[in-house]
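Shown below: entry05.txt, with compact mmCIF, C-alpha atoms.
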```
# COMPACT_ATOMS: atom_id res chain seq x y z
CA MET A 21 207.63 55.66 88.76
CA THR A 22 204.65 53.62 87.53
CA ALA A 23 205.67 50.26 86.06
CA ASP A 24 205.29 50.13 82.28
CA PRO A 25 204.93 46.54 81.00
CA VAL A 26 206.29 47.47 77.57
CA ALA A 27 209.40 49.00 79.10
CA LEU A 28 209.77 46.04 81.46
CA ARG A 29 209.61 43.62 78.51
CA ARG A 30 212.27 45.60 76.68
CA GLY A 31 214.46 45.60 79.77
CA LEU A 32 214.08 41.84 80.18
CA ALA A 33 214.81 41.20 76.50
CA ALA A 34 217.89 43.42 76.62
CA VAL A 35 219.64 41.25 79.21
CA LEU A 36 218.98 37.91 77.52
CA ASP A 37 222.08 35.94 76.60
CA THR A 38 221.20 35.19 72.98
CA THR A 39 222.90 35.60 69.63
CA ASP A 40 219.55 35.59 67.78
CA PRO A 41 217.72 38.94 67.81
CA ALA A 42 214.49 37.21 66.75
CA TRP A 43 214.16 35.57 70.19
CA ARG A 44 214.81 38.92 71.87
CA ALA A 45 212.08 40.47 69.73
CA ALA A 46 209.67 37.71 70.74
CA VAL A 47 210.30 38.34 74.45
CA GLU A 48 209.75 42.07 73.85
CA ALA A 49 206.40 41.32 72.17
CA VAL A 50 204.78 38.67 74.41
CA PRO A 51 203.02 40.02 77.55
CA ARG A 52 204.14 37.63 80.28
CA GLU A 53 201.67 39.13 82.79
CA LEU A 54 198.84 37.71 80.68
CA PHE A 55 200.11 34.16 81.23
CA LEU A 56 200.63 34.35 85.00
CA GLY A 57 197.03 35.21 85.82
CA ASP A 58 196.55 36.96 89.16
CA CYS A 59 198.45 34.72 91.57
CA VAL A 60 201.68 32.71 91.77
CA PHE A 61 203.56 30.81 94.47
CA ARG A 62 206.91 31.86 95.91
CA ALA A 63 209.15 29.83 98.21
CA ALA A 64 208.97 30.95 101.85
CA ASN A 65 210.23 29.07 104.90
CA GLY A 66 210.19 25.70 103.19
CA ARG A 67 206.64 26.10 101.88
CA TRP A 68 204.91 27.66 98.88
CA GLU A 69 203.23 30.97 99.64
CA PRO A 70 200.60 32.39 97.26
CA VAL A 71 201.27 35.94 96.06
CA HIS A 72 198.12 37.74 94.90
CA ARG A 73 198.20 40.54 92.35
CA ASP A 74 195.55 42.63 94.11
CA LEU A 75 197.36 42.40 97.46
CA VAL A 76 200.86 43.39 96.31
CA GLY A 77 199.64 46.14 93.96
CA GLU A 78 199.91 46.50 90.19
CA ASP A 79 203.39 48.03 90.09
CA ALA A 80 204.94 45.40 92.35
CA TRP A 81 203.11 42.65 90.44
CA LEU A 82 204.43 43.77 87.05
CA ARG A 83 207.99 44.03 88.38
CA LEU A 84 207.63 40.51 89.79
CA VAL A 85 206.30 39.22 86.47
CA TYR A 86 209.27 40.64 84.56
CA GLU A 87 211.95 39.31 86.84
CA ASP A 88 213.98 36.67 85.03
CA ALA A 89 212.61 34.08 87.43
CA THR A 90 210.53 30.91 87.39
CA TRP A 91 207.17 31.42 89.06
CA VAL A 92 205.39 28.33 90.34
CA THR A 93 201.71 28.35 89.42
CA GLN A 94 200.58 24.96 90.76
CA VAL A 95 201.65 22.78 93.72
CA ASP A 96 200.49 19.16 93.84
CA GLY A 97 197.70 20.06 91.45
CA VAL A 98 196.48 23.10 93.43
CA ALA A 99 196.56 26.39 91.52
CA ALA A 100 198.04 29.39 93.32
CA ALA A 101 194.74 31.27 93.10
CA ASP A 102 192.95 28.37 94.84
CA ALA A 103 195.43 27.91 97.68
CA PRO A 104 193.95 28.78 101.11
CA GLY A 105 197.43 29.72 102.33
CA PRO A 106 201.03 28.47 102.18
CA LEU A 107 201.31 24.87 100.98
CA SER A 108 203.85 22.10 101.34
CA GLY A 109 204.43 19.82 98.37
CA ARG A 110 205.98 19.63 94.94
CA PRO A 111 205.47 22.12 92.12
CA THR A 112 203.46 20.62 89.27
CA SER A 113 203.39 23.60 86.91
CA SER A 114 205.30 26.85 86.53
CA SER A 115 206.18 29.69 84.21
CA THR A 116 209.82 29.09 83.33
CA LEU A 117 212.21 32.01 83.56
CA PRO A 118 212.37 33.71 80.13
CA SER A 119 216.14 33.35 79.80
CA LEU A 120 215.79 29.56 80.07
CA VAL A 121 212.91 29.56 77.57
CA VAL A 122 215.18 31.34 75.10
CA ARG A 123 218.15 29.13 75.99
CA MET A 124 216.12 26.00 75.16
CA LEU A 125 214.76 27.39 71.90
CA GLU A 126 218.14 28.64 70.77
CA LEU A 127 219.80 25.33 71.69
CA ALA A 128 217.20 23.54 69.56
CA ALA A 129 218.58 25.46 66.53
CA ILE A 130 215.09 26.54 65.48
CA ARG A 131 214.93 28.71 62.37
CA GLU A 132 212.20 30.34 60.29
CA GLY A 133 209.96 27.81 58.56
CA ALA A 134 210.59 25.07 61.13
CA ASN A 135 207.72 22.97 62.48
CA VAL A 136 208.11 22.63 66.24
CA LEU A 137 206.34 20.36 68.73
CA GLU A 138 206.43 21.71 72.28
CA ILE A 139 205.92 19.18 75.08
CA GLY A 140 204.29 20.93 78.04
CA THR A 141 202.22 24.01 77.21
CA GLY A 142 202.09 25.02 80.88
CA THR A 143 201.01 28.65 81.16
CA GLY A 144 201.35 29.10 77.39
CA TYR A 145 204.08 31.76 77.60
CA SER A 146 206.77 29.78 75.77
CA THR A 147 204.17 28.70 73.20
CA ALA A 148 203.42 32.34 72.47
CA VAL A 149 207.13 33.12 72.16
CA LEU A 150 207.41 30.32 69.58
CA CYS A 151 204.35 31.62 67.70
CA HIS A 152 205.76 35.13 67.52
CA ARG A 153 208.97 33.81 65.98
CA LEU A 154 207.63 31.10 63.67
CA GLY A 155 203.95 31.84 63.03
CA ASP A 156 200.94 29.93 64.32
CA ASP A 157 200.97 27.30 61.56
CA HIS A 158 204.40 26.05 62.60
CA VAL A 159 203.75 25.57 66.34
CA TYR A 160 202.18 22.54 68.04
CA SER A 161 201.96 22.17 71.80
CA VAL A 162 200.77 19.35 74.08
CA GLU A 163 199.65 19.75 77.70
CA TYR A 164 198.90 16.84 80.04
CA ASP A 165 196.70 18.69 82.56
CA PRO A 166 193.23 19.54 81.09
CA ARG A 167 192.71 22.55 83.35
CA LEU A 168 196.11 24.02 82.53
CA ALA A 169 195.51 23.33 78.84
CA SER A 170 192.21 25.25 78.90
CA LEU A 171 193.71 28.24 80.74
CA ALA A 172 196.71 28.34 78.42
CA ALA A 173 194.50 28.16 75.32
CA ASP A 174 192.46 31.16 76.49
CA ARG A 175 195.56 33.20 77.27
CA ILE A 176 197.33 32.31 74.03
CA ARG A 177 194.26 33.36 72.03
CA THR A 178 193.96 36.58 74.05
CA ALA A 179 197.58 37.36 73.18
CA GLY A 180 196.66 37.03 69.51
CA TYR A 181 198.13 33.62 68.63
CA SER A 182 196.48 30.46 67.26
CA PRO A 183 198.84 27.46 67.34
CA THR A 184 197.65 23.85 67.34
CA LEU A 185 197.02 22.93 70.98
CA VAL A 186 196.53 19.37 72.16
CA THR A 187 195.47 18.01 75.55
CA GLY A 188 197.07 14.64 76.24
CA ASP A 189 200.22 12.77 77.12
CA GLY A 190 203.14 14.69 75.67
CA LEU A 191 205.32 11.59 75.87
CA ALA A 192 203.25 10.25 72.97
CA GLY A 193 203.96 13.40 70.94
CA HIS A 194 201.41 14.42 68.31
CA LYS A 195 201.72 12.07 65.36
CA GLU A 196 198.97 13.78 63.34
CA ALA A 197 201.31 16.64 62.39
CA ALA A 198 204.60 14.72 62.21
CA GLU A 199 207.31 14.98 61.01
CA TYR A 200 208.72 17.87 63.02
CA ASP A 201 211.97 19.72 62.63
CA SER A 202 212.32 19.99 66.40
CA ILE A 203 210.74 18.74 69.60
CA VAL A 204 211.33 20.93 72.65
CA ALA A 205 210.25 19.69 76.07
CA THR A 206 209.49 22.02 78.97
CA CYS A 207 209.40 19.02 81.28
CA ALA A 208 212.10 16.49 82.16
CA VAL A 209 212.11 12.80 81.24
CA ARG A 210 213.78 9.69 82.65
CA HIS A 211 214.38 8.45 79.11
CA ILE A 212 213.66 9.69 75.59
CA PRO A 213 210.13 8.56 74.59
CA PRO A 214 210.21 6.41 71.41
CA ALA A 215 207.35 8.43 69.93
CA TRP A 216 209.53 11.54 69.86
CA LEU A 217 212.17 9.73 67.81
CA HIS A 218 209.55 8.51 65.34
CA GLN A 219 208.03 11.98 64.91
CA VAL A 220 211.19 13.98 64.18
CA ARG A 221 212.65 14.07 60.67
CA SER A 222 216.14 12.81 59.98
CA GLY A 223 218.50 15.60 60.94
CA GLY A 224 215.92 17.12 63.28
CA THR A 225 216.48 17.73 66.96
CA ILE A 226 215.06 16.79 70.36
CA THR A 227 215.86 19.25 73.14
CA THR A 228 214.99 18.17 76.67
CA THR A 229 216.32 17.60 80.16
CA VAL A 230 217.07 14.06 81.29
CA SER A 231 216.31 13.69 84.98
CA GLY A 232 215.28 11.06 87.51
CA TRP A 233 214.11 10.35 91.02
CA MET A 234 217.21 11.84 92.66
CA LEU A 235 216.20 15.06 90.83
CA ALA A 236 219.58 15.36 89.12
CA SER A 237 219.23 16.59 85.56
CA GLY A 238 221.09 17.34 82.36
CA LEU A 239 220.09 19.51 79.40
CA ILE A 240 220.70 17.90 76.03
CA ARG A 241 220.01 18.36 72.32
CA LEU A 242 219.83 15.12 70.36
CA THR A 243 220.08 14.84 66.59
CA VAL A 244 217.94 12.14 64.96
CA HIS A 245 219.67 10.06 62.28
CA ASP A 246 218.44 8.29 59.13
CA ASP A 247 218.23 4.90 60.87
CA GLY A 248 216.08 6.25 63.72
CA SER A 249 218.87 6.43 66.28
CA ALA A 250 219.83 9.69 67.99
CA THR A 251 222.93 11.12 69.64
CA GLY A 252 223.91 14.26 71.48
CA ARG A 253 225.99 15.77 74.25
CA PHE A 254 224.79 17.36 77.46
CA THR A 255 225.34 21.09 77.71
CA GLY A 256 226.33 21.15 81.37
CA ASP A 257 223.83 23.93 82.16
CA PRO A 258 222.86 23.66 85.86
CA ILE A 259 219.14 23.75 85.20
CA GLY A 260 216.24 21.41 85.80
CA TYR A 261 212.59 20.99 84.87
CA MET A 262 209.80 19.15 86.65
CA LEU A 263 209.51 15.54 85.55
CA ALA A 264 206.77 14.69 83.07
CA ARG A 265 203.91 13.39 85.17
CA PRO A 266 204.02 9.82 83.80
CA HIS A 267 207.73 9.77 84.75
CA GLU A 268 207.19 11.15 88.26
CA ARG A 269 208.19 9.26 91.39
CA PRO A 270 205.47 6.99 92.77
CA PRO A 271 204.46 7.42 96.40
CA ARG A 272 207.07 6.03 98.77
CA PRO A 273 206.22 4.43 102.11
CA THR A 274 207.47 6.16 105.25
CA TYR A 275 211.20 5.64 105.58
CA PHE A 276 212.43 3.56 108.51
CA ARG A 277 216.18 3.21 108.82
CA ARG A 278 217.43 -0.41 108.83
CA GLU A 279 220.89 -1.40 109.99
CA GLY A 280 221.54 -3.79 107.10
CA ARG A 281 225.06 -4.80 106.19
CA THR A 282 227.71 -2.30 107.17
CA ARG A 283 231.11 -1.59 105.68
CA PRO A 284 233.52 1.35 105.47
CA ALA A 285 232.58 3.78 102.72
CA ARG A 286 235.23 4.10 100.02
CA LEU A 287 234.06 7.52 98.83
CA ASP A 288 232.87 10.70 100.45
CA PRO A 289 229.04 11.01 100.18
CA GLY A 290 229.69 14.73 99.68
CA LEU A 291 230.42 13.88 96.04
CA LEU A 292 226.63 13.81 95.58
CA ASP A 293 226.58 17.55 96.29
CA ASP A 294 228.39 18.07 92.98
CA TRP A 295 226.13 18.70 89.95
CA THR A 296 227.77 15.97 87.89
CA GLY A 297 228.39 13.68 90.85
CA GLN A 298 224.69 13.54 91.69
CA PHE A 299 223.88 12.95 88.02
CA VAL A 300 226.29 9.98 87.93
CA ALA A 301 224.81 8.58 91.16
CA GLN A 302 221.33 8.78 89.63
CA LEU A 303 222.51 6.90 86.54
CA ALA A 304 223.80 4.13 88.80
CA ALA A 305 220.63 3.86 90.91
CA PRO A 306 217.84 5.13 88.64
CA SER A 307 214.89 4.06 90.81
CA ALA A 308 216.29 5.48 94.06
CA GLU A 309 215.39 8.70 95.82
CA LEU A 310 218.06 10.76 97.58
CA MET A 311 217.83 12.41 101.00
CA THR A 312 220.54 14.05 103.06
CA THR A 313 221.33 14.01 106.75
CA SER A 314 223.73 16.02 108.90
CA ASP A 315 226.51 13.47 108.36
CA GLY A 316 225.66 11.58 105.16
CA VAL A 317 223.07 10.56 102.60
CA ILE A 318 220.10 8.20 102.41
CA LEU A 319 219.11 6.28 99.28
CA VAL A 320 215.73 4.53 99.07
CA ASP A 321 214.84 2.43 96.05
CA VAL A 322 211.17 2.98 95.21
CA ALA A 323 210.87 -0.23 93.18
CA THR A 324 212.34 -2.74 95.65
CA GLY A 325 212.41 -1.03 99.03
CA SER A 326 216.19 -1.37 99.17
CA GLN A 327 217.94 1.32 101.15
CA ALA A 328 221.42 2.60 101.89
CA TRP A 329 222.63 5.23 104.31
CA THR A 330 225.96 6.59 105.35
CA GLU A 331 227.26 7.94 108.62
CA GLN A 332 230.41 9.47 110.04
CA ARG A 333 231.69 7.47 113.02
CA VAL A 334 233.96 9.10 115.53
CA GLY A 335 237.38 7.53 115.29
CA SER A 336 236.56 5.12 112.47
CA GLY A 337 235.51 7.29 109.52
CA ARG A 338 232.59 7.00 107.13
CA HIS A 339 230.49 3.84 106.97
CA ALA A 340 227.75 2.67 104.62
CA HIS A 341 224.71 0.56 105.58
CA GLN A 342 222.82 -1.37 102.89
CA ASP A 343 219.62 -3.41 103.13
CA GLY A 344 217.40 -5.09 100.56
CA PRO A 345 217.95 -6.87 97.24
CA LEU A 346 219.89 -3.96 95.70
CA ARG A 347 223.24 -2.79 97.04
CA LEU A 348 222.58 0.87 96.29
CA TRP A 349 225.75 2.31 97.78
CA ASP A 350 227.89 -0.28 95.97
CA ALA A 351 226.33 0.78 92.67
CA VAL A 352 226.77 4.49 93.40
CA GLU A 353 230.37 4.09 94.56
CA ASP A 354 231.26 2.01 91.50
CA ALA A 355 229.82 4.66 89.18
CA LEU A 356 231.49 7.54 90.99
CA THR A 357 234.81 5.66 90.96
CA ALA A 358 234.54 5.16 87.19
CA TRP A 359 233.80 8.88 86.85
CA GLN A 360 236.81 9.80 88.97
CA ASP A 361 239.05 7.37 87.09
CA ALA A 362 238.04 9.19 83.90
CA GLY A 363 239.25 12.45 85.46
CA SER A 364 235.92 13.61 86.99
CA PRO A 365 234.80 15.26 83.73
CA PRO A 366 232.03 17.88 83.88
CA GLN A 367 228.56 17.01 82.67
CA SER A 368 229.30 18.75 79.36
CA ASP A 369 231.68 15.85 78.58
CA PHE A 370 228.80 13.35 78.82
CA GLY A 371 226.61 12.25 75.94
CA LEU A 372 223.56 10.12 75.20
CA THR A 373 223.07 7.53 72.48
CA VAL A 374 219.63 6.15 71.64
CA ASP A 375 220.16 3.02 69.56
CA VAL A 376 217.73 1.64 66.98
CA ASP A 377 216.93 -1.28 69.31
CA GLY A 378 215.63 1.16 71.93
CA THR A 379 218.67 1.01 74.22
CA GLN A 380 219.55 4.38 75.73
CA ARG A 381 223.05 4.87 77.15
CA VAL A 382 224.58 7.87 78.86
CA TRP A 383 228.35 7.82 78.43
CA ALA A 384 231.31 9.80 79.73
CA GLY A 385 233.88 11.22 77.32
CA THR A 386 233.16 9.12 74.23
CA PRO A 387 230.50 6.55 73.31
CA ASP A 388 232.92 3.74 74.15
CA GLY A 389 233.75 5.25 77.57
CA PRO A 390 232.05 4.40 80.89
CA SER A 391 228.30 4.19 80.31
CA TRP A 392 225.01 3.62 82.10
CA SER A 393 221.62 2.58 80.74
CA LEU A 394 218.60 4.78 81.22
CA PRO A 395 215.47 3.09 82.63
CA VAL A 396 213.51 2.56 79.43
```

What would the structure in this file look like if it were written as structure tokens?
Amino acid sequence: MTADPVALRRGLAAVLDTTDPAWRAAVEAVPRELFLGDCVFRAANGRWEPVHRDLVGEDAWLRLVYEDATWVTQVDGVAAADAPGPLSGRPTSSSTLPSLVVRMLELAAIREGANVLEIGTGTGYSTAVLCHRLGDDHVYSVEYDPRLASLAADRIRTAGYSPTLVTGDGLAGHKEAAEYDSIVATCAVRHIPPAWLHQVRSGGTITTTVSGWMLASGLIRLTVHDDGSATGRFTGDPIGYMLARPHERPPRPTYFRREGRTRPARLDPGLLDDWTGQFVAQLAAPSAELMTTSDGVILVDVATGSQAWTEQRVGSGRHAHQDGPLRLWDAVEDALTAWQDAGSPPQSDFGLTVDVDGTQRVWAGTPDGPSWSLPV
């Protein structure tokens, strides 16, 4: 049977986990194929393989488009259509799976009449979904990459929508149209940008993912208060977005293992395989990257060059090696111990407080429980 994009949209909308029929109607109305162009990347054998519309055929392409999946459209700044073949590297733009788009917008508690600032236009698909629900005059979107911004603008207009589109640093928001009822970010941040707090009305919301250089992340909706502070709890959803480009990891020199100081490890490095455990480790060592080996983990601090690595020794158990000015494994073990002492709560028991002085603290259980400062 020939693929019918209208039927495929209806099928996708029908399986969305939403209590708001208006978001389902928006997904039914917005042609996702328009926003993916003619080529995307898919993961294959540890690399990113371009998939071309004209090579797979129209039916297969449309069925791909309407999978509830994230399709990578750019790797290290190279668009899928421009790739000479499979690439290694990090995704730098994608079309987020529609169910997550709707999850974010519903979490933000957006209602008719709201003015929304979207951080990260990307392909423009989520911008169009917002426009269908709210109307063009209520939607503002900022994209960092000029080429992506131009492509998205053309596709959004072709789809029949005319929101306010801005090319620039989304971490600075868009003060010209403030105050907003909600800010929704389709990228992750290491801390909440002050500009976002200043541009949301009292009682308004900021919905984003907080992430870091270990690539652990947590989805959160913050409520902004009269005094300019903000608070919220993480949802616990096991999802992640690419870091905003100004918050991305800087290049790291080639890693060479150093023996350093060695001691028995108090905790199993396997705790970092847990969604919340890795998040806690990242809070404790916010400028460190994480790698894994066959018998342990490696932590490398980008800022100082400090490193830590663990190994399993036959007959003597797990050991940790640490070198440099920061004792990375000490910090991670202390944080994980505090988490375990609190009963190893899931990420949904964690919250974030942004104080009026700019301090940003992630806490476990309650605001006076164990806490860690974000790298502001």

Looking at only C-alpha atoms, which of A:Asp247, A:Glu353, A:Asp79, A:Glu196 is the one that sits closest to Arg221 of chain A? A:Asp247

From the list A:Thr38, A:Thr229, A:Ser114, A:Thr184, which residue is nearest Gly256 of chain A when using all atoms listed in the file?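 Closest to Gly256 of chain A of all the choices is A:Thr229.
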
Padded axis-aligned box of segment 340-357 of chain A (5 Å per side), centre and edge lengths, Å, one decimal, as lines of an AutoDock Vina configuration file:
```
center_x = 226.1
center_y = 0.3
center_z = 97.4
size_x = 27.4
size_y = 24.4
size_z = 26.4
```

Interatomic distance between atom CA of Val300 of chain A and atom CA of Ser108 of chain A?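 These atoms are spaced 28.8 Å apart.
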
What does the distance from atom CA of Leu154 of chain A to atom CA of Gly140 of chain A come to in Å, to one decimal?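 Here the two named atoms are 17.9 Å from each other.
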
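Reported to one decimal place, the separation of atom CA of Arg265 of chain A from atom CA of Val244 of chain A is 24.6 Å.
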
Spatial neighbours of segment 329-344 of chain A, max dist 9 Å, all atoms listed in the file, sep filter under 2 positions, as a PyMOL selection string: chain A and resi 277-289+313-320+324-327+346-350

Do a neighbour search on Asp388 of chain A at 12 Å with only C-alpha atoms, toss out local chain neighbours closer than 3 positions, and write the hits as a PDB file with C-alpha atoms, in the coordinates of the input.
```pdb
ATOM      1  CA  PHE A 370     228.800  13.350  78.820  1.00  0.00           C
ATOM      2  CA  GLY A 371     226.610  12.250  75.940  1.00  0.00           C
ATOM      3  CA  LEU A 372     223.560  10.120  75.200  1.00  0.00           C
ATOM      4  CA  THR A 373     223.070   7.530  72.480  1.00  0.00           C
ATOM      5  CA  ARG A 381     223.050   4.870  77.150  1.00  0.00           C
ATOM      6  CA  VAL A 382     224.580   7.870  78.860  1.00  0.00           C
ATOM      7  CA  TRP A 383     228.350   7.820  78.430  1.00  0.00           C
ATOM      8  CA  ALA A 384     231.310   9.800  79.730  1.00  0.00           C
ATOM      9  CA  GLY A 385     233.880  11.220  77.320  1.00  0.00           C
ATOM     10  CA  SER A 391     228.300   4.190  80.310  1.00  0.00           C
ATOM     11  CA  TRP A 392     225.010   3.620  82.100  1.00  0.00           C
TER      12      TRP A 392
END
```

Kindly indicate which residue among A:Val92, A:Leu107, A:Leu117, A:Ile130 lies nearest to Glu69 of chain A, using only C-alpha atoms for the distances.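 With only C-alpha atoms as the atom set, the closest residue is A:Leu107.
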
With a distance cut-off of 10 Å and all atoms listed in the file, select the neighbouring residues of Gly133 of chain A, excluding the residue or stretch itself and same-chain residues fewer than 3 positions from it, and output the selection as a PyMOL selection string. chain A and resi 130+136+153-155+157-158+201

Spatial neighbours of Ala63 of chain A, 12 Å, only C-alpha atoms, chain gap at least 2 places, as JSON, numbers by chain: {"A": [60, 61, 65, 66, 67, 68, 69, 70, 71, 90, 91, 92, 93, 95, 106, 107, 108, 109, 110, 111]}

Limited to C-alpha atoms, could you put the picked residues into a file as a JSON list (two decimals), in the frame of the given file?
```json
[["chain", "number", "residue", "atom", "x", "y", "z"],
["A", 60, "VAL", "CA", 201.68, 32.71, 91.77],
["A", 61, "PHE", "CA", 203.56, 30.81, 94.47],
["A", 65, "ASN", "CA", 210.23, 29.07, 104.90],
["A", 66, "GLY", "CA", 210.19, 25.70, 103.19],
["A", 67, "ARG", "CA", 206.64, 26.10, 101.88],
["A", 68, "TRP", "CA", 204.91, 27.66, 98.88],
["A", 69, "GLU", "CA", 203.23, 30.97, 99.64],
["A", 70, "PRO", "CA", 200.60, 32.39, 97.26],
["A", 71, "VAL", "CA", 201.27, 35.94, 96.06],
["A", 90, "THR", "CA", 210.53, 30.91, 87.39],
["A", 91, "TRP", "CA", 207.17, 31.42, 89.06],
["A", 92, "VAL", "CA", 205.39, 28.33, 90.34],
["A", 93, "THR", "CA", 201.71, 28.35, 89.42],
["A", 95, "VAL", "CA", 201.65, 22.78, 93.72],
["A", 106, "PRO", "CA", 201.03, 28.47, 102.18],
["A", 107, "LEU", "CA", 201.31, 24.87, 100.98],
["A", 108, "SER", "CA", 203.85, 22.10, 101.34],
["A", 109, "GLY", "CA", 204.43, 19.82, 98.37],
["A", 110, "ARG", "CA", 205.98, 19.63, 94.94],
["A", 111, "PRO", "CA", 205.47, 22.12, 92.12]]
```

May I ask which of the residues A:Ala351, A:Ala236, A:Ala197, A:Val26 is the closest one to Leu310 of chain A, counting only C-alpha atoms?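 With only C-alpha atoms as the atom set, the closest residue is A:Ala236.
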
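Counting only C-alpha atoms and comparing A:Ser161, A:Gln219, A:Ser368, A:Thr379, the residue that lies closest to Arg241 of chain A is A:Ser368.
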
Applying 10 Å and all atoms listed in the file, which residues near Tyr200 of chain A remain after dropping the ones on its own chain fewer than 2 positions away? List them as a VMD selection string. chain A and resid 134 to 137 158 to 160 194 to 195 197 to 198 202 to 203 216 218 to 222 224 to 226
